[in-house]
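Peer 1: Submitted below is the structure of interest, expressed as structure tokens.
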Amino acid sequence: MTDLHRLSIRELSEGLKQAQFSSRELTEHYLKRIAKIDPKVKSYVTVTAEQALAEADAADAALKSGNAHALAGIPLAHKDIFCTQGIKTTAGSKMLDNFISPYDATVVAKAKAAGLVTLGKVNMDEFAMGSTSENSYIGATSNPWALDHVPGGSSGGSAAAVAADLAPIATGTDTGGSIRQPASFCGLTGLKPTYGRVSRFGMIAYASSLDQGGPMARSAEDCAYLMNVIAGHDAKDSTSINKEVDDYVANLNSTAVKGLRIGIPKQYFNVAGLDADVKARVEESLKKLEDMGAILVEIDLNMTEAYVPTYYLIAPAEASSNLSRFDGVRYGYRCENPVDLMDLYKRSRSEGFGAEVQRRILIGTYALSAGYYDAYYVKAQKVRRLIQQDFLKAFENVDVIAAPSAPTTAYKIGANLSPTEMYLGDIYTLAVNLAGLPAINAPVGFDKDSLPVGLQLIGNYWSESQLLSIVHQYQQNTDWHSKRATIAEENA
């Protein structure tokens, strides 16, 4: 039973149903791996061993009764941005370092209802603001492929936990690439669903019109299993769409790759910072899809240069509004011995928020201020509509759009990139969130330093089944998704 962490979600589900092993044995296996390996990776913020074993026992009882969900008894990790009742939820910030949520986020509640076992909460950039997971009050997480490199962000803890086989699946959130980029950096499959497909209730807000939760796992098939649990309408979330949910697992072979028209935006492959190895691996993966019968079509996405400035006006503006609630009064961090109310506000926020969060709050507050609102925020929203229309026009001629997920592979920890350099690293992912579209990362090889490279496929609205199906079939013909970092091969 030493290799349970090598099994896919389908294999784990079948093994549990056939009583080849119990959920308690499986959960104990992962808890042992976390205890041994995670001190090197530092993906977990909180390990909920006692609760996990209790949930595993409940899943075993349900499995014996023959009345269990397909995922009953399978462990997972939650990004520390999802509220978990009775468990600390920090969002990677000193501001919430003592926050014990009184309720479960809808994503967490749905996972519990399906009988999934929560191993714990994993690290992230503070309030999901960052691309390296170094902006965490808890400290940096390492990339399992190279411990002196970052795992990406903001869902870096989720990516690192799955890549090191410290959880078979994990939840992540994506506001500007925070599922796809860490999935790319850690050699995983990660899906950012259509805006409104997965409930945001109980997911601590960064930018409410951009945030979306989704699955992170080794394969498209594994992601499909988790999507079957977390997708769907939620009356508690006013932005959740009441639209029928696909059976993502049943649809894994539903899209024919033969004849599929894949758009190749020429602007994306001429970006100045695109690494030669990344470009080569992505082009090789597209050639593979072409060999499988897909048709590559060159397209224009003329708004490419507007992605970064538009995003970095809208997202900070919404962050400025959302994070105003953290004021040292109602909950969260409160400074010691304030002299008056103004001192309480100022010091609680300046001591409780990290540098990147403060930077974005300041940018957003400026963009929303009197005299600048129309010049910056309103104009950015108009450009956002043009970006959306650019994509919709492209989808008149192609089924999906292909791009790198990131222009480079993982950065070194402590590389100290300037904010501008960091923001430009999101060039390929931001527009998907601005337009509300779904997109997926698939691992497609390695660079010269043996760091993973990811291919991004962008779909039209509600095309999650199509994206998962295309990547699943690609993964039936390649083995990049099954490659493991050396640290993941260690036995506990």
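Letters for chains follow the order of the structure tokens (A, B, ...), residue numbers begin at 1 for each chain, and ligand numbers begin at 1 in the order shown.
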Which residues are near Val107 in chain A? Cut-off 10 Å, only C-alpha atoms, ignore same chain within fewer than 6 positions. Put them as a VMD selection string.

Peer 2: chain A and resid 78 82 to 84 113 171 198 to 203 213 to 214 229 to 232 234

Peer 1: When you look at range 153-162 of chain A with a cut-off of 7 Å (counting only C-alpha atoms), what residues show up, excluding the ones that are within fewer than 6 positions of it in the same chain? I need them as a PyMOL selection string.

Peer 2: chain A and resi 43-44+77+79+122-125+128-133+141+143-144+168-173+178-179+181-183+186+216-217

Peer 1: Kindly indicate which residue among A:Lys32, A:Lys94, A:Arg347, A:Arg360 lies nearest to Ser136 in chain A, using only C-alpha atoms for the distances.

Peer 2: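 Using only C-alpha atoms, the shortest distance to Ser136 in chain A belongs to A:Lys94.
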
Peer 1: Please list as a list in words every residue within 12 Å of Gln473 in chain A, counting only C-alpha atoms and excluding residues in the same chain fewer than 2 positions away.

Peer 2: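 Surrounding residues, per the criterion: Ser219, Ala220, Glu221, Asn251, Leu252, Asn253, Ser254, Thr255, Ala256, Val257, Lys258, Lys288, Leu289, Met292, Gly293, Ala294, Ala442, Gln466, Leu467, Leu468, Ser469, Ile470, Val471, Gln475, Gln476, Asn477, Thr478, Asp479 and His481 of chain A.
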
Peer 1: List every residue of range 78-312 of chain A that DSSP, applied to the backbone of this structure, places in strand (DSSP E or B), and write the result as an NGL selection string.

Peer 2: :A and (78-79 or 82 or 84 or 87-88 or 100 or 117-122 or 143 or 146 or 149 or 169-173 or 189-192 or 198 or 203 or 213-217 or 231 or 261-265 or 295-299)

Peer 1: With only C-alpha atoms as the counted atoms, please give the residues lying no more than 8 Å from range 444-461 of chain A, apart from itself and same-chain residues fewer than 5 positions off, as number ranges by chain.

Peer 2: A: 145-146, 180, 183-187, 194, 277-278, 281-282, 285, 392, 395, 399-406, 408-410, 432, 436-439, 466-467, 480-481

Peer 1: Keeping only N, CA and C atoms, write the selected residues to a file as an mmCIF file, in the first residue's frame.

Peer 2:
data_model
loop_
_atom_site.group_PDB
_atom_site.id
_atom_site.type_symbol
_atom_site.label_atom_id
_atom_site.label_comp_id
_atom_site.auth_asym_id
_atom_site.auth_seq_id
_atom_site.Cartn_x
_atom_site.Cartn_y
_atom_site.Cartn_z
ATOM 1 N N TRP A 145 9.326 20.366 -8.274
ATOM 2 C CA TRP A 145 10.268 20.013 -9.349
ATOM 3 C C TRP A 145 11.664 20.600 -9.097
ATOM 4 N N ALA A 146 11.721 21.686 -8.331
ATOM 5 C CA ALA A 146 13.001 22.331 -7.990
ATOM 6 C C ALA A 146 12.727 23.192 -6.769
ATOM 7 N N ARG A 180 -4.180 28.406 -13.588
ATOM 8 C CA ARG A 180 -3.467 27.946 -14.794
ATOM 9 C C ARG A 180 -1.951 28.126 -14.683
ATOM 10 N N ALA A 183 -0.397 25.648 -12.211
ATOM 11 C CA ALA A 183 -0.510 24.321 -12.843
ATOM 12 C C ALA A 183 0.575 24.164 -13.897
ATOM 13 N N SER A 184 0.837 25.226 -14.649
ATOM 14 C CA SER A 184 1.894 25.208 -15.654
ATOM 15 C C SER A 184 3.263 25.031 -14.997
ATOM 16 N N PHE A 185 3.531 25.803 -13.938
ATOM 17 C CA PHE A 185 4.829 25.759 -13.262
ATOM 18 C C PHE A 185 5.088 24.413 -12.580
ATOM 19 N N CYS A 186 4.014 23.702 -12.196
ATOM 20 C CA CYS A 186 4.170 22.447 -11.436
ATOM 21 C C CYS A 186 3.795 21.202 -12.235
ATOM 22 N N GLY A 187 3.558 21.349 -13.543
ATOM 23 C CA GLY A 187 3.306 20.183 -14.390
ATOM 24 C C GLY A 187 1.972 19.516 -14.147
ATOM 25 N N THR A 194 -15.869 28.856 -16.574
ATOM 26 C CA THR A 194 -16.601 30.066 -16.943
ATOM 27 C C THR A 194 -17.028 30.802 -15.678
ATOM 28 N N ASP A 277 12.220 27.880 -24.982
ATOM 29 C CA ASP A 277 11.835 26.509 -24.638
ATOM 30 C C ASP A 277 10.333 26.389 -24.464
ATOM 31 N N VAL A 278 9.725 27.387 -23.834
ATOM 32 C CA VAL A 278 8.266 27.374 -23.648
ATOM 33 C C VAL A 278 7.578 27.377 -25.010
ATOM 34 N N ARG A 281 7.953 23.918 -26.719
ATOM 35 C CA ARG A 281 7.119 22.845 -26.152
ATOM 36 C C ARG A 281 5.650 23.042 -26.531
ATOM 37 N N VAL A 282 5.199 24.292 -26.484
ATOM 38 C CA VAL A 282 3.802 24.573 -26.839
ATOM 39 C C VAL A 282 3.561 24.240 -28.311
ATOM 40 N N SER A 285 3.276 20.543 -28.759
ATOM 41 C CA SER A 285 1.978 20.014 -28.319
ATOM 42 C C SER A 285 0.893 20.303 -29.351
ATOM 43 N N LEU A 392 -14.902 36.801 -28.819
ATOM 44 C CA LEU A 392 -16.143 36.281 -29.428
ATOM 45 C C LEU A 392 -16.057 36.284 -30.952
ATOM 46 N N PHE A 395 -14.051 33.276 -31.916
ATOM 47 C CA PHE A 395 -14.786 32.014 -31.766
ATOM 48 C C PHE A 395 -15.812 31.785 -32.881
ATOM 49 N N ASP A 399 -12.865 26.706 -32.691
ATOM 50 C CA ASP A 399 -13.551 26.075 -31.553
ATOM 51 C C ASP A 399 -12.886 26.429 -30.231
ATOM 52 N N VAL A 400 -11.563 26.421 -30.206
ATOM 53 C CA VAL A 400 -10.798 26.799 -29.013
ATOM 54 C C VAL A 400 -9.602 27.638 -29.456
ATOM 55 N N ILE A 401 -8.982 28.314 -28.493
ATOM 56 C CA ILE A 401 -7.800 29.136 -28.766
ATOM 57 C C ILE A 401 -6.643 28.589 -27.933
ATOM 58 N N ALA A 402 -5.486 28.458 -28.554
ATOM 59 C CA ALA A 402 -4.307 27.906 -27.869
ATOM 60 C C ALA A 402 -3.294 29.001 -27.578
ATOM 61 N N ALA A 403 -2.602 28.852 -26.456
ATOM 62 C CA ALA A 403 -1.570 29.816 -26.054
ATOM 63 C C ALA A 403 -0.687 29.155 -25.008
ATOM 64 N N PRO A 404 0.501 29.701 -24.762
ATOM 65 C CA PRO A 404 1.215 29.281 -23.552
ATOM 66 C C PRO A 404 0.390 29.705 -22.336
ATOM 67 N N SER A 405 0.560 29.024 -21.213
ATOM 68 C CA SER A 405 -0.085 29.483 -19.976
ATOM 69 C C SER A 405 0.731 30.595 -19.330
ATOM 70 N N ALA A 406 2.033 30.564 -19.525
ATOM 71 C CA ALA A 406 2.934 31.591 -18.988
ATOM 72 C C ALA A 406 4.099 31.751 -19.957
ATOM 73 N N THR A 408 7.190 32.068 -19.300
ATOM 74 C CA THR A 408 8.407 31.425 -18.803
ATOM 75 C C THR A 408 8.033 30.216 -17.957
ATOM 76 N N THR A 409 9.032 29.459 -17.542
ATOM 77 C CA THR A 409 8.826 28.435 -16.526
ATOM 78 C C THR A 409 9.007 29.087 -15.152
ATOM 79 N N ALA A 410 8.988 28.287 -14.099
ATOM 80 C CA ALA A 410 9.003 28.814 -12.732
ATOM 81 C C ALA A 410 10.222 29.682 -12.442
ATOM 82 N N VAL A 432 -8.676 36.036 -20.135
ATOM 83 C CA VAL A 432 -9.702 35.014 -19.907
ATOM 84 C C VAL A 432 -10.617 35.432 -18.762
ATOM 85 N N GLY A 436 -14.428 36.502 -18.811
ATOM 86 C CA GLY A 436 -15.266 35.514 -18.126
ATOM 87 C C GLY A 436 -15.265 34.139 -18.768
ATOM 88 N N LEU A 437 -14.262 33.865 -19.613
ATOM 89 C CA LEU A 437 -14.211 32.608 -20.373
ATOM 90 C C LEU A 437 -13.586 31.473 -19.561
ATOM 91 N N PRO A 438 -13.823 30.218 -19.964
ATOM 92 C CA PRO A 438 -13.120 29.089 -19.349
ATOM 93 C C PRO A 438 -11.792 28.822 -20.059
ATOM 94 N N ALA A 439 -10.822 28.292 -19.308
ATOM 95 C CA ALA A 439 -9.527 27.938 -19.900
ATOM 96 C C ALA A 439 -8.878 26.864 -19.052
ATOM 97 N N GLN A 466 -15.805 20.494 -23.204
ATOM 98 C CA GLN A 466 -14.984 20.443 -24.412
ATOM 99 C C GLN A 466 -13.501 20.542 -24.079
ATOM 100 N N LEU A 467 -13.139 21.493 -23.205
ATOM 101 C CA LEU A 467 -11.731 21.672 -22.835
ATOM 102 C C LEU A 467 -11.178 20.439 -22.130
ATOM 103 N N TRP A 480 3.026 13.335 -20.409
ATOM 104 C CA TRP A 480 3.579 14.445 -19.631
ATOM 105 C C TRP A 480 2.874 14.577 -18.283
ATOM 106 N N HIS A 481 1.563 14.347 -18.258
ATOM 107 C CA HIS A 481 0.793 14.511 -17.024
ATOM 108 C C HIS A 481 1.138 13.463 -15.968
#

Peer 1: Just how far from CA of Gly92 in chain A is CA of Leu31 in chain A, in Å to one decimal?

Peer 2: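 Computed distance, CA of Leu31 in chain A to CA of Gly92 in chain A, equals 21.9 Å.
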
Peer 1: Measuring between only C-alpha atoms, which one of A:Ile34, A:Leu53, A:Leu210, A:Val308 shows the shortest distance to Ile427 in chain A?

Peer 2: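 Residue with the minimum atom-to-atom distance to Ile427 in chain A: A:Val308.
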
Peer 1: What's the separation between CA of Val271 in chain A and CA of Tyr423 in chain A, in Å to one decimal place?

Peer 2: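 These two atoms are separated by 13.9 Å.
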
Peer 1: Tell me, as a VMD selection string, which residues lie within 12 Å of Lys112 in chain A, counting only C-alpha atoms; anything in the same chain fewer than 2 positions away does not count.

Peer 2: chain A and resid 51 to 52 54 to 56 58 to 59 69 71 to 78 84 to 85 104 to 110 114 to 119 226 229 to 230

Peer 1: Taking only C-alpha atoms into account, name the residue in A:Ser240, A:Thr189, A:Gln267, A:Asn491 that is nearest to Tyr474 in chain A.

Peer 2: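 Among A:Ser240, A:Thr189, A:Gln267, A:Asn491, it is A:Thr189 that comes nearest to Tyr474 in chain A.
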
Peer 1: I want to know what sits within 7 Å of Thr239 in chain A, based on only C-alpha atoms, with residues of the same chain fewer than 2 positions away left out; could you give that as a PyMOL selection string?

Peer 2: chain A and resi 196+237+241

Peer 1: With C-alpha atoms retained, write the just-selected residues as a short mmCIF file (atom, residue, chain, number, x, y, z; two decimals), in the first residue's frame.

Peer 2:
data_model
loop_
_atom_site.label_atom_id
_atom_site.label_comp_id
_atom_site.auth_asym_id
_atom_site.auth_seq_id
_atom_site.Cartn_x
_atom_site.Cartn_y
_atom_site.Cartn_z
CA GLY A 196 -20.46 31.88 -12.57
CA ASP A 237 -23.96 33.64 -4.81
CA ILE A 241 -25.48 31.04 -13.12
#

Peer 1: Please, what distance in Å, to one decimal, runs between CA of Leu191 in chain A and CA of Arg261 in chain A?

Peer 2: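 Calculated distance between CA of Leu191 in chain A and CA of Arg261 in chain A is 20.2 Å.
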
Peer 1: Out of range 225-435 of chain A, which residues get helix (DSSP H, G or I) from DSSP, as a PyMOL selection string?

Peer 2: chain A and resi 225-230+268-270+276-291+304-325+341-352+355-368+373-394+419-424+430-435

Peer 1: Which residues are near Glu318 in chain A? Cut-off 12 Å, only C-alpha atoms, ignore same chain within fewer than 5 positions. Put them as a PDB file with C-alpha atoms, in the first residue's frame.

Peer 2:
ATOM      1  CA  THR A 175      -8.587  35.810 -10.755  1.00  0.00           C
ATOM      2  CA  ALA A 205     -13.016  38.007  -2.413  1.00  0.00           C
ATOM      3  CA  TYR A 206     -10.146  39.658  -4.251  1.00  0.00           C
ATOM      4  CA  ALA A 207     -11.854  40.974  -7.396  1.00  0.00           C
ATOM      5  CA  SER A 208     -15.487  39.879  -7.468  1.00  0.00           C
ATOM      6  CA  SER A 209     -16.075  40.162 -11.228  1.00  0.00           C
ATOM      7  CA  LEU A 210     -12.939  38.098 -11.995  1.00  0.00           C
ATOM      8  CA  ASP A 211     -12.603  35.453  -9.233  1.00  0.00           C
ATOM      9  CA  TYR A 311      -6.619  44.109 -15.610  1.00  0.00           C
ATOM     10  CA  TYR A 312      -4.378  46.089 -13.291  1.00  0.00           C
ATOM     11  CA  LEU A 313      -6.950  48.867 -13.096  1.00  0.00           C
ATOM     12  CA  LEU A 323     -10.655  44.701   1.366  1.00  0.00           C
ATOM     13  CA  SER A 324     -12.066  47.842   2.976  1.00  0.00           C
ATOM     14  CA  ARG A 360      -2.957  47.082  -5.152  1.00  0.00           C
ATOM     15  CA  ILE A 361      -5.306  48.739  -2.641  1.00  0.00           C
ATOM     16  CA  LEU A 362      -3.561  52.068  -3.268  1.00  0.00           C
ATOM     17  CA  ILE A 363      -3.746  51.668  -7.063  1.00  0.00           C
ATOM     18  CA  GLY A 364      -7.404  50.687  -6.846  1.00  0.00           C
ATOM     19  CA  THR A 365      -8.358  53.490  -4.480  1.00  0.00           C
ATOM     20  CA  TYR A 366      -6.667  55.992  -6.799  1.00  0.00           C
ATOM     21  CA  ALA A 367      -8.491  54.589  -9.845  1.00  0.00           C
ATOM     22  CA  LEU A 368     -11.829  54.908  -8.041  1.00  0.00           C
ATOM     23  CA  TYR A 377     -11.916  52.704 -14.032  1.00  0.00           C
ATOM     24  CA  GLN A 381     -14.376  48.635 -18.212  1.00  0.00           C
TER      25      GLN A 381
END
